[in-house]
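Enquirer: Pasting protein_36.txt here (compact mmCIF, N, CA and C atoms):
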```
# COMPACT_ATOMS: atom_id res chain seq x y z
N MET A 967 10.04 -20.05 -2.84
CA MET A 967 8.79 -19.59 -3.40
C MET A 967 7.66 -20.52 -2.96
N PRO A 968 6.58 -19.97 -2.40
CA PRO A 968 5.46 -20.80 -1.97
C PRO A 968 4.80 -21.51 -3.16
N ALA A 969 4.13 -22.61 -2.88
CA ALA A 969 3.43 -23.34 -3.93
C ALA A 969 2.21 -22.54 -4.39
N ARG A 970 1.94 -22.61 -5.69
CA ARG A 970 0.75 -21.95 -6.25
C ARG A 970 -0.48 -22.72 -5.81
N ILE A 971 -1.53 -21.99 -5.44
CA ILE A 971 -2.76 -22.66 -5.02
C ILE A 971 -3.90 -22.40 -6.00
N GLY A 972 -3.64 -21.59 -7.00
CA GLY A 972 -4.68 -21.33 -7.99
C GLY A 972 -4.15 -20.55 -9.17
N LYS A 973 -4.98 -20.44 -10.19
CA LYS A 973 -4.59 -19.72 -11.39
C LYS A 973 -4.83 -18.22 -11.26
N GLN A 974 -5.97 -17.82 -10.67
CA GLN A 974 -6.29 -16.39 -10.65
C GLN A 974 -7.00 -16.02 -9.36
N ALA A 975 -6.63 -14.87 -8.83
CA ALA A 975 -7.31 -14.28 -7.68
C ALA A 975 -7.80 -12.90 -8.11
N VAL A 976 -8.91 -12.47 -7.54
CA VAL A 976 -9.46 -11.15 -7.84
C VAL A 976 -9.57 -10.37 -6.55
N VAL A 977 -9.06 -9.13 -6.57
CA VAL A 977 -9.13 -8.23 -5.43
C VAL A 977 -9.99 -7.04 -5.85
N VAL A 978 -10.95 -6.67 -5.00
CA VAL A 978 -11.80 -5.53 -5.30
C VAL A 978 -11.29 -4.33 -4.52
N GLY A 979 -10.82 -3.32 -5.24
CA GLY A 979 -10.34 -2.08 -4.63
C GLY A 979 -8.83 -1.96 -4.69
N ALA A 980 -8.37 -0.79 -5.15
CA ALA A 980 -6.94 -0.53 -5.26
C ALA A 980 -6.45 0.45 -4.21
N GLY A 981 -7.11 0.43 -3.04
CA GLY A 981 -6.63 1.23 -1.92
C GLY A 981 -5.49 0.49 -1.23
N MET A 982 -5.07 1.01 -0.10
CA MET A 982 -3.95 0.38 0.64
C MET A 982 -4.22 -1.10 0.91
N ALA A 983 -5.39 -1.41 1.42
CA ALA A 983 -5.69 -2.79 1.78
C ALA A 983 -5.76 -3.67 0.54
N GLY A 984 -6.38 -3.19 -0.52
CA GLY A 984 -6.48 -3.97 -1.75
C GLY A 984 -5.13 -4.25 -2.38
N LEU A 985 -4.27 -3.24 -2.42
CA LEU A 985 -2.95 -3.44 -3.01
C LEU A 985 -2.09 -4.37 -2.16
N MET A 986 -2.21 -4.27 -0.84
CA MET A 986 -1.46 -5.20 0.02
C MET A 986 -1.99 -6.62 -0.14
N ALA A 987 -3.30 -6.77 -0.25
CA ALA A 987 -3.88 -8.09 -0.46
C ALA A 987 -3.41 -8.67 -1.79
N ALA A 988 -3.41 -7.83 -2.83
CA ALA A 988 -2.96 -8.30 -4.15
C ALA A 988 -1.51 -8.74 -4.11
N ARG A 989 -0.67 -7.96 -3.44
CA ARG A 989 0.75 -8.34 -3.34
C ARG A 989 0.91 -9.65 -2.58
N SER A 990 0.17 -9.83 -1.51
CA SER A 990 0.25 -11.07 -0.73
C SER A 990 -0.23 -12.27 -1.55
N LEU A 991 -1.29 -12.09 -2.32
CA LEU A 991 -1.83 -13.17 -3.14
C LEU A 991 -0.91 -13.53 -4.31
N ALA A 992 -0.10 -12.58 -4.75
CA ALA A 992 0.77 -12.79 -5.91
C ALA A 992 1.75 -13.95 -5.70
N ASP A 993 2.06 -14.26 -4.47
CA ASP A 993 2.96 -15.38 -4.18
C ASP A 993 2.27 -16.73 -4.36
N PHE A 994 0.93 -16.73 -4.40
CA PHE A 994 0.19 -17.99 -4.40
C PHE A 994 -0.67 -18.23 -5.64
N PHE A 995 -0.81 -17.22 -6.48
CA PHE A 995 -1.62 -17.34 -7.69
C PHE A 995 -0.80 -16.93 -8.91
N GLU A 996 -1.10 -17.55 -10.05
CA GLU A 996 -0.40 -17.20 -11.28
C GLU A 996 -0.70 -15.76 -11.70
N ARG A 997 -1.92 -15.34 -11.45
CA ARG A 997 -2.36 -14.00 -11.88
C ARG A 997 -3.25 -13.40 -10.80
N VAL A 998 -3.06 -12.12 -10.53
CA VAL A 998 -3.91 -11.39 -9.59
C VAL A 998 -4.48 -10.19 -10.33
N VAL A 999 -5.81 -10.08 -10.32
CA VAL A 999 -6.50 -8.97 -10.98
C VAL A 999 -7.05 -8.05 -9.89
N VAL A 1000 -6.76 -6.75 -10.02
CA VAL A 1000 -7.29 -5.76 -9.08
C VAL A 1000 -8.36 -4.95 -9.81
N LEU A 1001 -9.59 -4.97 -9.28
CA LEU A 1001 -10.68 -4.20 -9.85
C LEU A 1001 -10.82 -2.89 -9.07
N GLU A 1002 -10.89 -1.78 -9.79
CA GLU A 1002 -11.01 -0.47 -9.14
C GLU A 1002 -11.99 0.37 -9.95
N ASN A 1003 -12.89 1.05 -9.25
CA ASN A 1003 -13.89 1.89 -9.90
C ASN A 1003 -13.28 3.20 -10.42
N ASP A 1004 -12.36 3.78 -9.66
CA ASP A 1004 -11.74 5.04 -10.06
C ASP A 1004 -10.61 4.81 -11.06
N ALA A 1005 -10.41 5.77 -11.94
CA ALA A 1005 -9.20 5.75 -12.77
C ALA A 1005 -8.05 6.16 -11.87
N LEU A 1006 -6.99 5.35 -11.83
CA LEU A 1006 -5.88 5.65 -10.94
C LEU A 1006 -5.00 6.74 -11.54
N PRO A 1007 -4.67 7.77 -10.75
CA PRO A 1007 -3.84 8.86 -11.26
C PRO A 1007 -2.39 8.40 -11.43
N LYS A 1008 -1.67 9.05 -12.32
CA LYS A 1008 -0.26 8.71 -12.54
C LYS A 1008 0.61 9.24 -11.40
N GLU A 1009 0.19 10.29 -10.73
CA GLU A 1009 0.96 10.87 -9.64
C GLU A 1009 0.13 10.84 -8.36
N ALA A 1010 0.79 11.09 -7.25
CA ALA A 1010 0.10 11.08 -5.96
C ALA A 1010 -0.88 12.24 -5.90
N THR A 1011 -2.15 11.93 -5.76
CA THR A 1011 -3.19 12.94 -5.65
C THR A 1011 -4.40 12.31 -4.98
N HIS A 1012 -5.34 13.14 -4.59
CA HIS A 1012 -6.57 12.64 -3.96
C HIS A 1012 -7.46 11.98 -5.01
N ARG A 1013 -8.14 10.90 -4.60
CA ARG A 1013 -9.05 10.21 -5.50
C ARG A 1013 -10.48 10.51 -5.12
N PRO A 1014 -11.35 10.76 -6.11
CA PRO A 1014 -12.73 11.13 -5.81
C PRO A 1014 -13.50 10.06 -5.04
N GLY A 1015 -13.21 8.79 -5.27
CA GLY A 1015 -13.93 7.72 -4.60
C GLY A 1015 -13.38 7.38 -3.22
N THR A 1016 -12.42 8.16 -2.74
CA THR A 1016 -11.79 7.90 -1.45
C THR A 1016 -11.85 9.16 -0.60
N PRO A 1017 -12.98 9.40 0.08
CA PRO A 1017 -13.14 10.65 0.82
C PRO A 1017 -12.10 10.86 1.91
N GLN A 1018 -11.56 9.80 2.49
CA GLN A 1018 -10.57 9.94 3.55
C GLN A 1018 -9.18 10.26 3.02
N SER A 1019 -9.02 10.36 1.70
CA SER A 1019 -7.68 10.59 1.13
C SER A 1019 -7.12 11.96 1.53
N LYS A 1020 -7.98 12.89 1.92
CA LYS A 1020 -7.50 14.23 2.29
C LYS A 1020 -7.14 14.33 3.78
N HIS A 1021 -7.39 13.26 4.52
CA HIS A 1021 -7.05 13.25 5.94
C HIS A 1021 -5.55 13.07 6.12
N ILE A 1022 -5.05 13.49 7.25
CA ILE A 1022 -3.65 13.23 7.58
C ILE A 1022 -3.50 11.73 7.83
N HIS A 1023 -2.44 11.14 7.32
CA HIS A 1023 -2.18 9.72 7.49
C HIS A 1023 -0.83 9.51 8.16
N ALA A 1024 -0.75 8.48 8.98
CA ALA A 1024 0.51 8.10 9.62
C ALA A 1024 0.64 6.60 9.52
N LEU A 1025 1.85 6.12 9.43
CA LEU A 1025 2.12 4.69 9.34
C LEU A 1025 2.91 4.30 10.57
N LEU A 1026 2.35 3.39 11.36
CA LEU A 1026 3.02 2.94 12.58
C LEU A 1026 4.14 1.97 12.23
N ALA A 1027 5.03 1.75 13.18
CA ALA A 1027 6.23 0.94 12.95
C ALA A 1027 5.90 -0.46 12.44
N GLY A 1028 4.91 -1.12 13.01
CA GLY A 1028 4.54 -2.47 12.58
C GLY A 1028 4.06 -2.49 11.14
N GLY A 1029 3.27 -1.50 10.76
CA GLY A 1029 2.80 -1.40 9.38
C GLY A 1029 3.95 -1.15 8.43
N LEU A 1030 4.89 -0.32 8.83
CA LEU A 1030 6.06 -0.04 8.01
C LEU A 1030 6.89 -1.31 7.79
N GLN A 1031 7.05 -2.09 8.84
CA GLN A 1031 7.79 -3.35 8.71
C GLN A 1031 7.08 -4.32 7.77
N ALA A 1032 5.76 -4.43 7.91
CA ALA A 1032 5.00 -5.35 7.05
C ALA A 1032 5.07 -4.91 5.60
N LEU A 1033 4.90 -3.62 5.34
CA LEU A 1033 4.96 -3.12 3.96
C LEU A 1033 6.35 -3.27 3.38
N SER A 1034 7.36 -3.10 4.20
CA SER A 1034 8.74 -3.25 3.73
C SER A 1034 9.04 -4.70 3.34
N ARG A 1035 8.42 -5.66 4.02
CA ARG A 1035 8.60 -7.07 3.66
C ARG A 1035 7.89 -7.38 2.34
N LEU A 1036 6.70 -6.83 2.16
CA LEU A 1036 5.94 -7.08 0.93
C LEU A 1036 6.52 -6.33 -0.27
N PHE A 1037 7.00 -5.12 -0.02
CA PHE A 1037 7.48 -4.25 -1.10
C PHE A 1037 8.91 -3.79 -0.80
N PRO A 1038 9.92 -4.56 -1.22
CA PRO A 1038 11.30 -4.14 -0.98
C PRO A 1038 11.53 -2.73 -1.56
N GLY A 1039 12.24 -1.90 -0.79
CA GLY A 1039 12.50 -0.53 -1.21
C GLY A 1039 11.39 0.43 -0.84
N PHE A 1040 10.41 -0.04 -0.07
CA PHE A 1040 9.25 0.79 0.29
C PHE A 1040 9.64 2.05 1.05
N VAL A 1041 10.53 1.92 2.03
CA VAL A 1041 10.93 3.08 2.84
C VAL A 1041 11.59 4.13 1.96
N GLU A 1042 12.46 3.69 1.07
CA GLU A 1042 13.13 4.62 0.17
C GLU A 1042 12.13 5.32 -0.74
N SER A 1043 11.13 4.57 -1.21
CA SER A 1043 10.09 5.16 -2.06
C SER A 1043 9.30 6.23 -1.32
N LEU A 1044 9.01 5.97 -0.05
CA LEU A 1044 8.29 6.97 0.75
C LEU A 1044 9.11 8.25 0.87
N SER A 1045 10.39 8.09 1.17
CA SER A 1045 11.27 9.25 1.31
C SER A 1045 11.34 10.05 0.01
N GLN A 1046 11.49 9.35 -1.11
CA GLN A 1046 11.57 10.02 -2.40
C GLN A 1046 10.27 10.74 -2.75
N ALA A 1047 9.15 10.24 -2.24
CA ALA A 1047 7.85 10.86 -2.52
C ALA A 1047 7.56 12.02 -1.57
N GLY A 1048 8.46 12.27 -0.62
CA GLY A 1048 8.29 13.40 0.28
C GLY A 1048 7.70 13.08 1.64
N ALA A 1049 7.60 11.80 1.99
CA ALA A 1049 7.08 11.43 3.31
C ALA A 1049 8.02 11.96 4.40
N VAL A 1050 7.45 12.32 5.51
CA VAL A 1050 8.21 12.87 6.63
C VAL A 1050 8.20 11.86 7.76
N ARG A 1051 9.39 11.53 8.27
CA ARG A 1051 9.47 10.61 9.41
C ARG A 1051 8.98 11.31 10.67
N LEU A 1052 8.17 10.62 11.43
CA LEU A 1052 7.65 11.14 12.69
C LEU A 1052 7.78 10.04 13.73
N ARG A 1053 8.48 10.33 14.80
CA ARG A 1053 8.60 9.35 15.89
C ARG A 1053 7.47 9.62 16.85
N MET A 1054 6.44 8.80 16.78
CA MET A 1054 5.24 9.01 17.61
C MET A 1054 5.60 9.07 19.08
N GLY A 1055 5.13 10.08 19.73
CA GLY A 1055 5.40 10.27 21.15
C GLY A 1055 6.65 11.06 21.42
N TYR A 1056 7.49 11.25 20.41
CA TYR A 1056 8.73 11.99 20.58
C TYR A 1056 8.74 13.30 19.81
N ASP A 1057 8.16 13.30 18.61
CA ASP A 1057 8.15 14.49 17.78
C ASP A 1057 6.82 15.23 17.96
N ASP A 1058 6.91 16.54 18.05
CA ASP A 1058 5.73 17.37 18.23
C ASP A 1058 5.38 17.96 16.86
N PRO A 1059 4.25 17.55 16.25
CA PRO A 1059 3.90 18.05 14.92
C PRO A 1059 3.47 19.52 14.91
N MET A 1060 3.31 20.11 16.06
CA MET A 1060 2.86 21.51 16.12
C MET A 1060 4.00 22.48 16.06
```
What would you get if you wrote out this structure as structure tokens?

Expert:
Amino acid sequence: MPARIGKQAVVVGAGMAGLMAARSLADFFERVVVLENDALPKEATHRPGTPQSKHIHALLAGGLQALSRLFPGFVESLSQAGAVRLRMGYDDPM
């Protein structure tokens, strides 16, 4: 376990980047507070403050590896939530 460098860290935004930052900081601070303007839904749905949420999203291999290190069981969670594996350059989405 890394040494603590502070008592509290604050992250602004509970989007992908904010949540990854919060998880990364959790190893170094006693407490991490995430501030978010939107009320977070209990289930996967579009958020009003995130206009790009309705766009198609893909996660590249490097991002998947990084998220899997930060969040054990991440790949299984994606599968359970209905994510579809796509091998970029090999699978034709059409």

Enquirer: Take atom C of Leu1052 in chain A and CA of Ala987 in chain A and report the distance between them in Å, one decimal.

Expert: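 The value is 25.8 Å.
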
Enquirer: In terms of the shortest atom-to-atom distance over only C-alpha atoms, which of A:Gly1029, A:Leu1006, A:Gly972, A:Met982 is closest to Val1041 in chain A?

Expert: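 Ranking A:Gly1029, A:Leu1006, A:Gly972, A:Met982 by distance to Val1041 in chain A, first place goes to A:Gly1029.
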
Enquirer: May I have the protein, DNA and RNA residues with any atom at most 7 Å from the point (2.4, -6.9, 4.3), counting only C-alpha atoms, written as an MDAnalysis selection string?

Expert: chainID A and resid 986 990 1032:1033 1035:1036

Enquirer: Got a sec: who's within 7 Å of Arg970 in chain A, counting only N, CA and C atoms, leaving out chain neighbours fewer than 5 positions off, as a ChimeraX atom specification?

Expert: /A:993-996

Enquirer: Separation of CA of Ala992 in chain A and atom C of Pro1014 in chain A, in Å?

Expert: 27.0 Å
